[in-house]
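Enquirer: My file is upload11.tsv. It has TSV, C-alpha atoms and all ligand atoms:
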```tsv
chain	number	residue	atom	x	y	z
A	2	MET	CA	-25.74	-26.76	77.13
A	3	SER	CA	-24.65	-23.24	76.19
A	4	VAL	CA	-26.86	-20.85	74.30
A	5	GLN	CA	-25.71	-20.51	70.71
A	6	PRO	CA	-24.46	-17.13	69.51
A	7	ASN	CA	-26.98	-16.90	66.65
A	8	LEU	CA	-29.97	-16.36	68.90
A	9	PRO	CA	-33.04	-15.29	66.96
A	10	GLU	CA	-33.90	-11.67	67.50
A	11	PRO	CA	-36.99	-11.38	69.71
A	12	ASP	CA	-38.90	-9.68	66.91
A	13	GLN	CA	-38.09	-12.63	64.66
A	14	LEU	CA	-40.27	-14.85	66.83
A	15	ARG	CA	-44.01	-14.43	67.11
A	16	TRP	CA	-45.91	-16.20	69.87
A	17	SER	CA	-49.61	-16.86	69.60
A	18	GLU	CA	-52.35	-19.23	70.58
A	19	GLY	CA	-53.81	-21.49	67.92
A	20	GLY	CA	-56.65	-23.87	67.27
A	21	ILE	CA	-57.75	-26.52	64.84
A	22	VAL	CA	-56.61	-24.66	61.71
A	23	ALA	CA	-53.00	-25.08	62.84
A	24	SER	CA	-53.33	-28.90	63.04
A	25	PRO	CA	-51.62	-29.72	59.70
A	26	ALA	CA	-48.56	-27.55	60.43
A	27	VAL	CA	-48.31	-28.85	63.99
A	28	ALA	CA	-48.58	-32.48	62.84
A	29	ALA	CA	-45.85	-31.86	60.26
A	30	LEU	CA	-43.56	-30.33	62.89
A	31	ALA	CA	-44.32	-33.18	65.28
A	32	ALA	CA	-43.47	-35.75	62.59
A	33	SER	CA	-40.08	-34.12	62.00
A	34	SER	CA	-39.38	-33.61	65.72
A	35	PHE	CA	-39.89	-37.02	67.32
A	36	ASP	CA	-37.96	-40.23	66.79
A	37	PRO	CA	-40.54	-42.52	65.13
A	38	GLN	CA	-39.42	-45.54	67.16
A	39	TYR	CA	-41.14	-44.10	70.24
A	40	ARG	CA	-44.43	-43.38	68.46
A	41	GLU	CA	-44.86	-40.06	70.30
A	42	ALA	CA	-45.85	-37.75	67.43
A	43	TRP	CA	-49.59	-37.23	67.15
A	44	THR	CA	-51.23	-37.29	63.73
A	45	GLU	CA	-53.11	-34.35	62.24
A	46	LEU	CA	-56.40	-36.13	62.95
A	47	GLN	CA	-55.52	-36.78	66.59
A	48	ILE	CA	-54.53	-33.12	67.05
A	49	ALA	CA	-57.63	-31.83	65.27
A	50	ASN	CA	-59.93	-34.12	67.26
A	51	LEU	CA	-58.48	-32.95	70.54
A	52	LEU	CA	-58.77	-29.29	69.57
A	53	ALA	CA	-62.35	-29.83	68.43
A	54	GLY	CA	-63.21	-30.79	72.01
A	55	GLY	CA	-63.11	-27.17	73.13
A	56	ASN	CA	-60.93	-27.56	76.24
A	57	ALA	CA	-57.59	-27.73	74.38
A	58	TRP	CA	-55.39	-25.18	72.64
A	59	LEU	CA	-52.01	-24.68	71.03
A	60	ASP	CA	-49.24	-22.30	71.95
A	61	LEU	CA	-47.34	-21.53	68.76
A	62	CYS	CA	-44.09	-19.84	67.84
A	63	HIS	CA	-43.44	-18.61	64.31
A	64	ALA	CA	-40.43	-17.07	62.61
A	65	GLY	CA	-42.02	-15.43	59.60
A	66	GLN	CA	-44.25	-18.12	58.09
A	67	GLU	CA	-42.24	-20.96	59.62
A	68	LEU	CA	-43.68	-22.81	62.61
A	69	VAL	CA	-40.75	-23.08	64.98
A	70	ALA	CA	-42.35	-24.56	68.11
A	71	PHE	CA	-45.67	-25.70	69.48
A	72	ALA	CA	-47.26	-26.92	72.69
A	73	LEU	CA	-50.57	-28.78	72.74
A	74	ASN	CA	-52.44	-28.31	76.01
A	75	ARG	CA	-55.67	-29.53	77.56
A	76	GLN	CA	-57.50	-28.11	80.56
A	77	VAL	CA	-59.72	-30.01	82.97
A	78	LEU	CA	-61.06	-27.77	85.74
A	79	ASP	CA	-58.02	-25.94	87.13
A	80	GLU	CA	-55.49	-28.48	85.86
A	81	VAL	CA	-53.67	-28.07	82.58
A	82	GLU	CA	-51.89	-30.94	80.92
A	83	LEU	CA	-49.14	-30.28	78.42
A	84	LEU	CA	-49.74	-33.20	76.06
A	85	LEU	CA	-47.16	-32.66	73.35
A	86	CYS	CA	-44.55	-30.06	72.52
A	87	ALA	CA	-41.57	-29.64	70.25
A	88	VAL	CA	-39.09	-27.15	68.93
A	89	SER	CA	-38.09	-27.56	65.30
A	90	PRO	CA	-34.70	-29.36	65.12
A	91	ALA	CA	-33.04	-26.40	63.38
A	92	TRP	CA	-34.08	-24.05	66.18
A	93	ARG	CA	-33.13	-26.09	69.24
A	94	GLY	CA	-30.65	-24.98	71.86
A	95	ARG	CA	-31.73	-21.32	71.68
A	96	ARG	CA	-33.97	-21.29	74.74
A	97	ILE	CA	-37.09	-21.38	72.61
A	98	GLY	CA	-38.25	-24.43	74.56
A	99	LEU	CA	-37.91	-22.46	77.77
A	100	ARG	CA	-39.86	-19.54	76.34
A	101	MET	CA	-42.49	-21.97	75.12
A	102	MET	CA	-42.93	-23.25	78.69
A	103	GLU	CA	-43.47	-19.65	79.83
A	104	GLN	CA	-46.10	-19.24	77.13
A	105	VAL	CA	-47.81	-22.44	78.26
A	106	ALA	CA	-47.84	-21.24	81.87
A	107	ASP	CA	-49.19	-17.80	80.83
A	108	SER	CA	-51.95	-19.23	78.64
A	109	ALA	CA	-52.86	-21.77	81.33
A	110	ARG	CA	-53.06	-19.05	84.01
A	111	LYS	CA	-55.20	-16.92	81.72
A	112	ARG	CA	-57.70	-19.80	81.63
A	113	GLY	CA	-57.70	-20.16	85.39
A	114	GLY	CA	-55.23	-23.04	85.50
A	115	LYS	CA	-53.65	-23.60	88.90
A	116	ARG	CA	-51.52	-26.63	88.18
A	117	LEU	CA	-49.53	-27.75	85.14
A	118	PHE	CA	-48.59	-31.37	84.63
A	119	LEU	CA	-47.17	-33.61	81.93
A	120	GLU	CA	-45.64	-36.99	81.21
A	121	VAL	CA	-42.36	-37.62	79.50
A	122	ARG	CA	-40.73	-40.77	78.23
A	123	GLN	CA	-37.90	-41.97	80.44
A	124	GLY	CA	-34.68	-41.29	78.54
A	125	ASN	CA	-35.86	-38.08	76.90
A	126	GLU	CA	-33.06	-36.12	78.53
A	127	ALA	CA	-33.60	-32.91	76.54
A	128	ALA	CA	-37.26	-32.71	77.54
A	129	MET	CA	-36.55	-33.54	81.19
A	130	ALA	CA	-33.81	-30.87	81.32
A	131	LEU	CA	-36.25	-28.38	79.80
A	132	TYR	CA	-38.99	-29.14	82.33
A	133	LEU	CA	-36.61	-28.86	85.27
A	134	SER	CA	-35.27	-25.56	83.91
A	135	ALA	CA	-38.86	-24.36	83.57
A	136	GLY	CA	-39.45	-25.02	87.27
A	137	LEU	CA	-41.43	-28.24	87.12
A	138	ARG	CA	-40.74	-31.00	89.61
A	139	GLN	CA	-40.63	-34.71	89.02
A	140	GLU	CA	-43.71	-36.20	90.68
A	141	GLY	CA	-43.83	-39.86	89.87
A	142	ARG	CA	-43.44	-42.68	87.42
A	143	ARG	CA	-45.90	-44.69	85.36
A	144	PRO	CA	-44.31	-48.06	84.65
A	145	ALA	CA	-44.40	-49.35	81.06
A	146	TYR	CA	-46.54	-46.43	79.94
A	147	TYR	CA	-45.05	-46.18	76.43
A	148	ARG	CA	-44.43	-48.96	73.92
A	149	THR	CA	-41.91	-48.65	71.09
A	150	VAL	CA	-42.50	-49.86	67.52
A	151	VAL	CA	-40.67	-53.08	68.38
A	152	GLY	CA	-42.78	-53.62	71.50
A	153	ASP	CA	-40.35	-52.51	74.23
A	154	SER	CA	-41.93	-50.86	77.27
A	155	ILE	CA	-40.71	-47.53	78.60
A	156	ASP	CA	-41.77	-45.79	81.80
A	157	ALA	CA	-43.35	-42.34	81.82
A	158	ILE	CA	-42.01	-39.77	84.28
A	159	THR	CA	-44.58	-37.28	85.51
A	160	PHE	CA	-43.72	-33.63	86.15
A	161	ALA	CA	-45.85	-30.89	87.65
A	162	SER	CA	-45.78	-27.35	88.92
A	163	PHE	CA	-48.18	-24.95	90.56
A	164	LEU	CA	-49.06	-21.89	88.48
A	165	GLN	CA	-48.82	-18.78	90.59
A	201	LIG	C1	-37.22	-30.88	74.37
A	201	LIG	C2	-37.12	-29.70	73.41
A	201	LIG	C3	-38.53	-29.08	73.25
A	201	LIG	C4	-36.15	-28.65	73.99
A	201	LIG	O1	-36.22	-27.47	73.17
A	201	LIG	P1	-35.01	-26.42	73.09
A	201	LIG	O2	-35.54	-25.17	72.50
A	201	LIG	O3	-33.84	-27.02	72.42
A	201	LIG	O4	-34.66	-26.20	74.64
A	201	LIG	P2	-33.98	-24.92	75.29
A	201	LIG	O5	-32.93	-24.39	74.38
A	201	LIG	O6	-35.05	-23.95	75.72
A	201	LIG	O7	-33.28	-25.54	76.58
A	201	LIG	C5	-33.93	-25.56	77.84
A	201	LIG	C6	-33.08	-26.29	78.85
A	201	LIG	O8	-33.03	-27.67	78.49
A	201	LIG	C7	-31.67	-28.08	78.29
A	201	LIG	N1	-31.57	-28.96	77.13
A	201	LIG	C8	-32.14	-28.74	75.93
A	201	LIG	N2	-31.78	-29.73	75.07
A	201	LIG	C9	-30.98	-30.56	75.77
A	201	LIG	C10	-30.29	-31.75	75.45
A	201	LIG	N3	-30.37	-32.30	74.22
A	201	LIG	N4	-29.59	-32.37	76.43
A	201	LIG	C11	-29.51	-31.84	77.67
A	201	LIG	N5	-30.12	-30.70	78.04
A	201	LIG	C12	-30.86	-30.07	77.09
A	201	LIG	C13	-30.91	-26.80	78.04
A	201	LIG	O9	-29.56	-26.91	78.40
A	201	LIG	C14	-31.62	-25.81	78.88
A	201	LIG	O10	-31.19	-25.92	80.21
A	201	LIG	P3	-30.59	-24.66	81.02
A	201	LIG	O11	-31.79	-23.74	81.21
A	201	LIG	O12	-30.10	-25.26	82.29
A	201	LIG	O13	-29.54	-24.08	80.14
A	201	LIG	C15	-36.57	-30.15	72.03
A	201	LIG	O14	-35.38	-30.86	72.22
A	201	LIG	C16	-37.53	-31.02	71.24
A	201	LIG	O15	-38.40	-30.52	70.52
A	201	LIG	N6	-37.37	-32.36	71.34
A	201	LIG	C17	-38.19	-33.32	70.56
A	201	LIG	C18	-39.63	-33.33	70.99
A	201	LIG	C19	-39.77	-33.67	72.46
A	201	LIG	O16	-39.08	-34.53	72.99
A	201	LIG	N7	-40.73	-33.01	73.12
A	201	LIG	C20	-40.98	-33.21	74.56
A	201	LIG	C21	-41.87	-34.36	74.84
A	201	LIG	S1	-43.56	-34.03	74.37
```
Let me see whether you can do it: turn the structure in this file into structure tokens.
Ligand SMILES: CC(C)(COP(=O)(O)OP(=O)(O)OC[C@H]1O[C@@H](n2cnc3c(N)ncnc32)[C@H](O)[C@@H]1OP(=O)(O)O)[C@@H](O)C(=O)NCCC(=O)NCCS

Expert:
Amino acid sequence: MSVQPNLPEPDQLRWSEGGIVASPAVAALAASSFDPQYREAWTELQIANLLAGGNAWLDLCHAGQELVAFALNRQVLDEVELLLCAVSPAWRGRRIGLRMMEQVADSARKRGGKRLFLEVRQGNEAAMALYLSAGLRQEGRRPAYYRTVVGDSIDAITFASFLQ
């Protein structure tokens, strides 16, 4: 995929970390980002509950007031799991996903994270291409990990990388 000519100017995008107060905006972006048949988007309550736990955070990207991308992360000891991430449909294909992965790695390192891992639904080619571009490696497969709205099973592919 080639980078589109109308790349946002760097100063158009603002990266930050976020917590529970960002849950409504993140849930709204998740709802508009994921195909509902796969039931991947978390609800506002699920996001808020996770962030209330104290070991999770958001990496956020804004253009003005608009939330353009997010990553929801959880840390256990020196392992960080990227649980959910998305780039707003209108902003895809501009390497924002790649920059988001750099943000995730930076914020994880800052917390003492040594390893980053995640699961992705088999068939999510865009996400798998992003993770490979970001330097993660495919580690394994969890058979029938996801279930669609009509009850079909889909494997999860696990990716990981060491944070240096
Ligand atoms: C996956 C997602 C975050 C990618 O965001 P993005 O900003 O469009 O990605 P980028 O522009 O940074 O692209 C990064 C790499 O992935 C590749 N890629 C992105 N979308 C792709 C697509 N639809 N098909 C194939 N490759 C794709 C790019 O070519 C690029 O590779 P390169 O570095 O070799 O050029 C975005 O498509 C998305 O939000 N999808 C819906 C939510 C989702 O599936 N989240 C992940 C699971 S939690």

Enquirer: Could you give me, as an MDAnalysis selection string, the residues within 9 Å of Cys62 (chain A), counting all atoms listed in the file and dropping anything in the same chain fewer than 3 positions from it?

Expert: chainID A and resid 14:18 67:71 88 97 101

Enquirer: Select, from A:Ser89, A:Gln13, A:Gly54, A:Val77, the residue with the minimum atom-to-atom distance to ligand LIG 201 (chain A), counting only C-alpha atoms and all ligand atoms.

Expert: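 Result for the nearest residue to ligand LIG 201 (chain A): A:Ser89.
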
Enquirer: So how far away is atom C18 of ligand LIG 201 (chain A) from CA of Phe160 (chain A), in Å?

Expert: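 Atom C18 of ligand LIG 201 (chain A) lies at a distance of 15.7 Å from CA of Phe160 (chain A).
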
Enquirer: Suppose you want the space between atom N7 of ligand LIG 201 (chain A) and CA of Ser33 (chain A); what is it in Å?

Expert: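 These atoms are spaced 11.2 Å apart.
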
Enquirer: Using all atoms listed in the file, which residues of the polymer chains come no farther than 10 Å from ligand LIG 201 (chain A)? I'd like the answer as a short mmCIF file (atom, residue, chain, number, x, y, z; two decimals) with C-alpha atoms, in the coordinates of the input.

Expert:
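Output file result_6.cif is given in full below:
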```
data_model
loop_
_atom_site.label_atom_id
_atom_site.label_comp_id
_atom_site.auth_asym_id
_atom_site.auth_seq_id
_atom_site.Cartn_x
_atom_site.Cartn_y
_atom_site.Cartn_z
CA MET A 2 -25.74 -26.76 77.13
CA SER A 3 -24.65 -23.24 76.19
CA VAL A 4 -26.86 -20.85 74.30
CA GLN A 5 -25.71 -20.51 70.71
CA LEU A 30 -43.56 -30.33 62.89
CA ALA A 31 -44.32 -33.18 65.28
CA ALA A 32 -43.47 -35.75 62.59
CA SER A 33 -40.08 -34.12 62.00
CA SER A 34 -39.38 -33.61 65.72
CA PHE A 35 -39.89 -37.02 67.32
CA ASP A 36 -37.96 -40.23 66.79
CA GLU A 41 -44.86 -40.06 70.30
CA ALA A 42 -45.85 -37.75 67.43
CA TRP A 43 -49.59 -37.23 67.15
CA VAL A 69 -40.75 -23.08 64.98
CA ALA A 70 -42.35 -24.56 68.11
CA PHE A 71 -45.67 -25.70 69.48
CA ALA A 72 -47.26 -26.92 72.69
CA LEU A 73 -50.57 -28.78 72.74
CA LEU A 83 -49.14 -30.28 78.42
CA LEU A 84 -49.74 -33.20 76.06
CA LEU A 85 -47.16 -32.66 73.35
CA CYS A 86 -44.55 -30.06 72.52
CA ALA A 87 -41.57 -29.64 70.25
CA VAL A 88 -39.09 -27.15 68.93
CA SER A 89 -38.09 -27.56 65.30
CA PRO A 90 -34.70 -29.36 65.12
CA ALA A 91 -33.04 -26.40 63.38
CA TRP A 92 -34.08 -24.05 66.18
CA ARG A 93 -33.13 -26.09 69.24
CA GLY A 94 -30.65 -24.98 71.86
CA ARG A 95 -31.73 -21.32 71.68
CA ARG A 96 -33.97 -21.29 74.74
CA ILE A 97 -37.09 -21.38 72.61
CA GLY A 98 -38.25 -24.43 74.56
CA LEU A 99 -37.91 -22.46 77.77
CA ARG A 100 -39.86 -19.54 76.34
CA MET A 101 -42.49 -21.97 75.12
CA MET A 102 -42.93 -23.25 78.69
CA LEU A 119 -47.17 -33.61 81.93
CA GLU A 120 -45.64 -36.99 81.21
CA VAL A 121 -42.36 -37.62 79.50
CA ARG A 122 -40.73 -40.77 78.23
CA GLY A 124 -34.68 -41.29 78.54
CA ASN A 125 -35.86 -38.08 76.90
CA GLU A 126 -33.06 -36.12 78.53
CA ALA A 127 -33.60 -32.91 76.54
CA ALA A 128 -37.26 -32.71 77.54
CA MET A 129 -36.55 -33.54 81.19
CA ALA A 130 -33.81 -30.87 81.32
CA LEU A 131 -36.25 -28.38 79.80
CA TYR A 132 -38.99 -29.14 82.33
CA LEU A 133 -36.61 -28.86 85.27
CA SER A 134 -35.27 -25.56 83.91
CA ALA A 135 -38.86 -24.36 83.57
CA GLY A 136 -39.45 -25.02 87.27
#
```

Enquirer: With only C-alpha atoms as the counted atoms, please give the residues lying no more than 9 Å from region 142-145 of chain A, apart from itself and same-chain residues fewer than 4 positions off, as a list in words.

Expert: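 Those residues are Glu120, Gln123, Asp153, Ser154, Ile155, Asp156, Ala157, Ile158 and Thr159 of chain A.
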
Enquirer: Please, what distance in Å, to one decimal, runs between CA of Leu52 (chain A) and CA of Glu80 (chain A)?

Expert: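 Separation of CA of Leu52 (chain A) and CA of Glu80 (chain A): 16.6 Å.
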
Enquirer: If you count all atoms listed in the file, which residues fall within 8 Å of Glu45 (chain A), apart from same-chain ones fewer than 3 positions away, as a ChimeraX atom specification?

Expert: /A:24-25,27-29,48-49

Enquirer: Taking (-53.3, -21.8, 77.3) in the file's coordinates, which residues come within 9 Å, counting all atoms listed in the file, written as a list in words?

Expert: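 Protein and nucleic acid residues near the point are Glu18, Ala57, Trp58, Leu59, Asp60, Leu73, Asn74, Arg75, Gln76, Val81, Gln104, Val105, Ala106, Asp107, Ser108, Ala109, Arg110, Lys111, Arg112 and Gly114 of chain A.
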
Enquirer: Using all atoms listed in the file, determine which residues lie at most 9 Å from Gln38 (chain A), disregarding the query and same-chain residues fewer than 5 positions distant; provide the list as a PyMOL selection string.

Expert: chain A and resi 149-151

Enquirer: Nearest residue to Ala26 (chain A) out of A:Leu61, A:Ala161, A:Glu82, A:Leu117, using all atoms listed in the file?

Expert: A:Leu61

Enquirer: Check the smallest atom-to-atom distance from each of A:Gln47, A:Phe163, A:Phe118, A:Asn56 to Gly141 (chain A) using all atoms listed in the file, then report the winner.

Expert: A:Phe118

Enquirer: With all atoms listed in the file as the atoms that count, which of A:Arg40, A:Leu51, A:Leu78, A:Ala23 lies nearest to His63 (chain A)?

Expert: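 Smallest separation from His63 (chain A) among the options: A:Ala23.
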
Enquirer: Could you pull region 77-107 of chain A out of the block above and save it with N, CA, C and O atoms, as an mmCIF file, in the first residue's frame?

Expert:
```cif
data_model
loop_
_atom_site.group_PDB
_atom_site.id
_atom_site.type_symbol
_atom_site.label_atom_id
_atom_site.label_comp_id
_atom_site.auth_asym_id
_atom_site.auth_seq_id
_atom_site.Cartn_x
_atom_site.Cartn_y
_atom_site.Cartn_z
ATOM 1 N N VAL A 77 1.304 -6.343 32.715
ATOM 2 C CA VAL A 77 1.435 -7.287 33.824
ATOM 3 C C VAL A 77 2.927 -7.571 33.967
ATOM 4 O O VAL A 77 3.545 -8.123 33.039
ATOM 5 N N LEU A 78 3.499 -7.155 35.081
ATOM 6 C CA LEU A 78 4.948 -7.235 35.299
ATOM 7 C C LEU A 78 5.653 -6.539 34.133
ATOM 8 O O LEU A 78 5.323 -5.397 33.831
ATOM 9 N N ASP A 79 6.588 -7.225 33.447
ATOM 10 C CA ASP A 79 7.278 -6.521 32.360
ATOM 11 C C ASP A 79 6.701 -6.866 30.984
ATOM 12 O O ASP A 79 7.336 -6.638 29.966
ATOM 13 N N GLU A 80 5.473 -7.390 30.976
ATOM 14 C CA GLU A 80 4.818 -7.682 29.703
ATOM 15 C C GLU A 80 3.674 -6.706 29.463
ATOM 16 O O GLU A 80 2.884 -6.445 30.368
ATOM 17 N N VAL A 81 3.607 -6.210 28.242
ATOM 18 C CA VAL A 81 2.523 -5.301 27.876
ATOM 19 C C VAL A 81 1.717 -5.944 26.759
ATOM 20 O O VAL A 81 2.270 -6.404 25.764
ATOM 21 N N GLU A 82 0.410 -5.981 26.968
ATOM 22 C CA GLU A 82 -0.470 -6.517 25.940
ATOM 23 C C GLU A 82 -1.227 -5.371 25.284
ATOM 24 O O GLU A 82 -1.843 -4.554 25.977
ATOM 25 N N LEU A 83 -1.147 -5.324 23.971
ATOM 26 C CA LEU A 83 -1.960 -4.377 23.207
ATOM 27 C C LEU A 83 -3.298 -5.067 22.964
ATOM 28 O O LEU A 83 -3.385 -6.033 22.205
ATOM 29 N N LEU A 84 -4.338 -4.583 23.649
ATOM 30 C CA LEU A 84 -5.623 -5.286 23.646
ATOM 31 C C LEU A 84 -6.512 -4.883 22.476
ATOM 32 O O LEU A 84 -7.273 -5.702 21.960
ATOM 33 N N LEU A 85 -6.456 -3.617 22.108
ATOM 34 C CA LEU A 85 -7.360 -3.120 21.070
ATOM 35 C C LEU A 85 -6.765 -1.852 20.497
ATOM 36 O O LEU A 85 -6.276 -1.007 21.259
ATOM 37 N N CYS A 86 -6.817 -1.714 19.179
ATOM 38 C CA CYS A 86 -6.345 -0.461 18.589
ATOM 39 C C CYS A 86 -7.080 -0.224 17.290
ATOM 40 O O CYS A 86 -7.597 -1.160 16.667
ATOM 41 N N ALA A 87 -7.153 1.020 16.899
ATOM 42 C CA ALA A 87 -7.782 1.356 15.616
ATOM 43 C C ALA A 87 -7.352 2.743 15.177
ATOM 44 O O ALA A 87 -7.007 3.596 15.992
ATOM 45 N N VAL A 88 -7.387 2.906 13.868
ATOM 46 C CA VAL A 88 -7.234 4.219 13.249
ATOM 47 C C VAL A 88 -8.579 4.526 12.601
ATOM 48 O O VAL A 88 -9.189 3.651 11.954
ATOM 49 N N SER A 89 -9.054 5.729 12.781
ATOM 50 C CA SER A 89 -10.332 6.131 12.196
ATOM 51 C C SER A 89 -10.328 5.852 10.692
ATOM 52 O O SER A 89 -9.341 6.139 10.007
ATOM 53 N N PRO A 90 -11.426 5.293 10.150
ATOM 54 C CA PRO A 90 -11.438 4.922 8.727
ATOM 55 C C PRO A 90 -10.962 6.037 7.797
ATOM 56 O O PRO A 90 -10.232 5.786 6.845
ATOM 57 N N ALA A 91 -11.337 7.268 8.084
ATOM 58 C CA ALA A 91 -10.973 8.385 7.193
ATOM 59 C C ALA A 91 -9.480 8.684 7.209
ATOM 60 O O ALA A 91 -8.974 9.361 6.317
ATOM 61 N N TRP A 92 -8.771 8.168 8.215
ATOM 62 C CA TRP A 92 -7.354 8.518 8.373
ATOM 63 C C TRP A 92 -6.425 7.343 8.072
ATOM 64 O O TRP A 92 -5.219 7.431 8.294
ATOM 65 N N ARG A 93 -6.985 6.254 7.579
ATOM 66 C CA ARG A 93 -6.134 5.071 7.354
ATOM 67 C C ARG A 93 -5.222 5.249 6.144
ATOM 68 O O ARG A 93 -5.484 6.069 5.281
ATOM 69 N N GLY A 94 -4.190 4.425 6.091
ATOM 70 C CA GLY A 94 -3.280 4.451 4.948
ATOM 71 C C GLY A 94 -2.328 5.621 4.963
ATOM 72 O O GLY A 94 -1.735 5.968 3.930
ATOM 73 N N ARG A 95 -2.166 6.268 6.099
ATOM 74 C CA ARG A 95 -1.253 7.426 6.206
ATOM 75 C C ARG A 95 -0.159 7.182 7.233
ATOM 76 O O ARG A 95 0.391 8.115 7.811
ATOM 77 N N ARG A 96 0.068 5.907 7.526
ATOM 78 C CA ARG A 96 1.124 5.515 8.472
ATOM 79 C C ARG A 96 0.825 5.949 9.906
ATOM 80 O O ARG A 96 1.741 5.996 10.732
ATOM 81 N N ILE A 97 -0.390 6.281 10.186
ATOM 82 C CA ILE A 97 -0.741 6.636 11.566
ATOM 83 C C ILE A 97 -0.715 5.370 12.433
ATOM 84 O O ILE A 97 -0.285 5.401 13.586
ATOM 85 N N GLY A 98 -1.138 4.242 11.850
ATOM 86 C CA GLY A 98 -1.080 2.981 12.592
ATOM 87 C C GLY A 98 0.347 2.658 13.014
ATOM 88 O O GLY A 98 0.607 2.253 14.152
ATOM 89 N N LEU A 99 1.265 2.880 12.085
ATOM 90 C CA LEU A 99 2.675 2.612 12.373
ATOM 91 C C LEU A 99 3.192 3.534 13.486
ATOM 92 O O LEU A 99 3.902 3.095 14.395
ATOM 93 N N ARG A 100 2.820 4.792 13.408
ATOM 94 C CA ARG A 100 3.240 5.735 14.457
ATOM 95 C C ARG A 100 2.590 5.379 15.796
ATOM 96 O O ARG A 100 3.200 5.547 16.850
ATOM 97 N N MET A 101 1.377 4.882 15.710
ATOM 98 C CA MET A 101 0.702 4.454 16.947
ATOM 99 C C MET A 101 1.470 3.303 17.605
ATOM 100 O O MET A 101 1.642 3.276 18.829
ATOM 101 N N MET A 102 1.987 2.380 16.790
ATOM 102 C CA MET A 102 2.744 1.260 17.351
ATOM 103 C C MET A 102 4.030 1.758 18.017
ATOM 104 O O MET A 102 4.478 1.217 19.026
ATOM 105 N N GLU A 103 4.623 2.817 17.442
ATOM 106 C CA GLU A 103 5.812 3.408 18.080
ATOM 107 C C GLU A 103 5.441 4.032 19.425
ATOM 108 O O GLU A 103 6.180 3.916 20.404
ATOM 109 N N GLN A 104 4.281 4.683 19.443
ATOM 110 C CA GLN A 104 3.817 5.276 20.709
ATOM 111 C C GLN A 104 3.604 4.199 21.765
ATOM 112 O O GLN A 104 3.960 4.356 22.919
ATOM 113 N N VAL A 105 2.982 3.097 21.338
ATOM 114 C CA VAL A 105 2.719 1.994 22.270
ATOM 115 C C VAL A 105 4.048 1.469 22.826
ATOM 116 O O VAL A 105 4.198 1.271 24.032
ATOM 117 N N ALA A 106 5.014 1.268 21.937
ATOM 118 C CA ALA A 106 6.313 0.756 22.384
ATOM 119 C C ALA A 106 6.975 1.746 23.343
ATOM 120 O O ALA A 106 7.516 1.352 24.383
ATOM 121 N N ASP A 107 6.904 3.042 23.023
ATOM 122 C CA ASP A 107 7.517 4.066 23.898
ATOM 123 C C ASP A 107 6.843 4.085 25.269
ATOM 124 O O ASP A 107 7.510 4.125 26.298
#
```
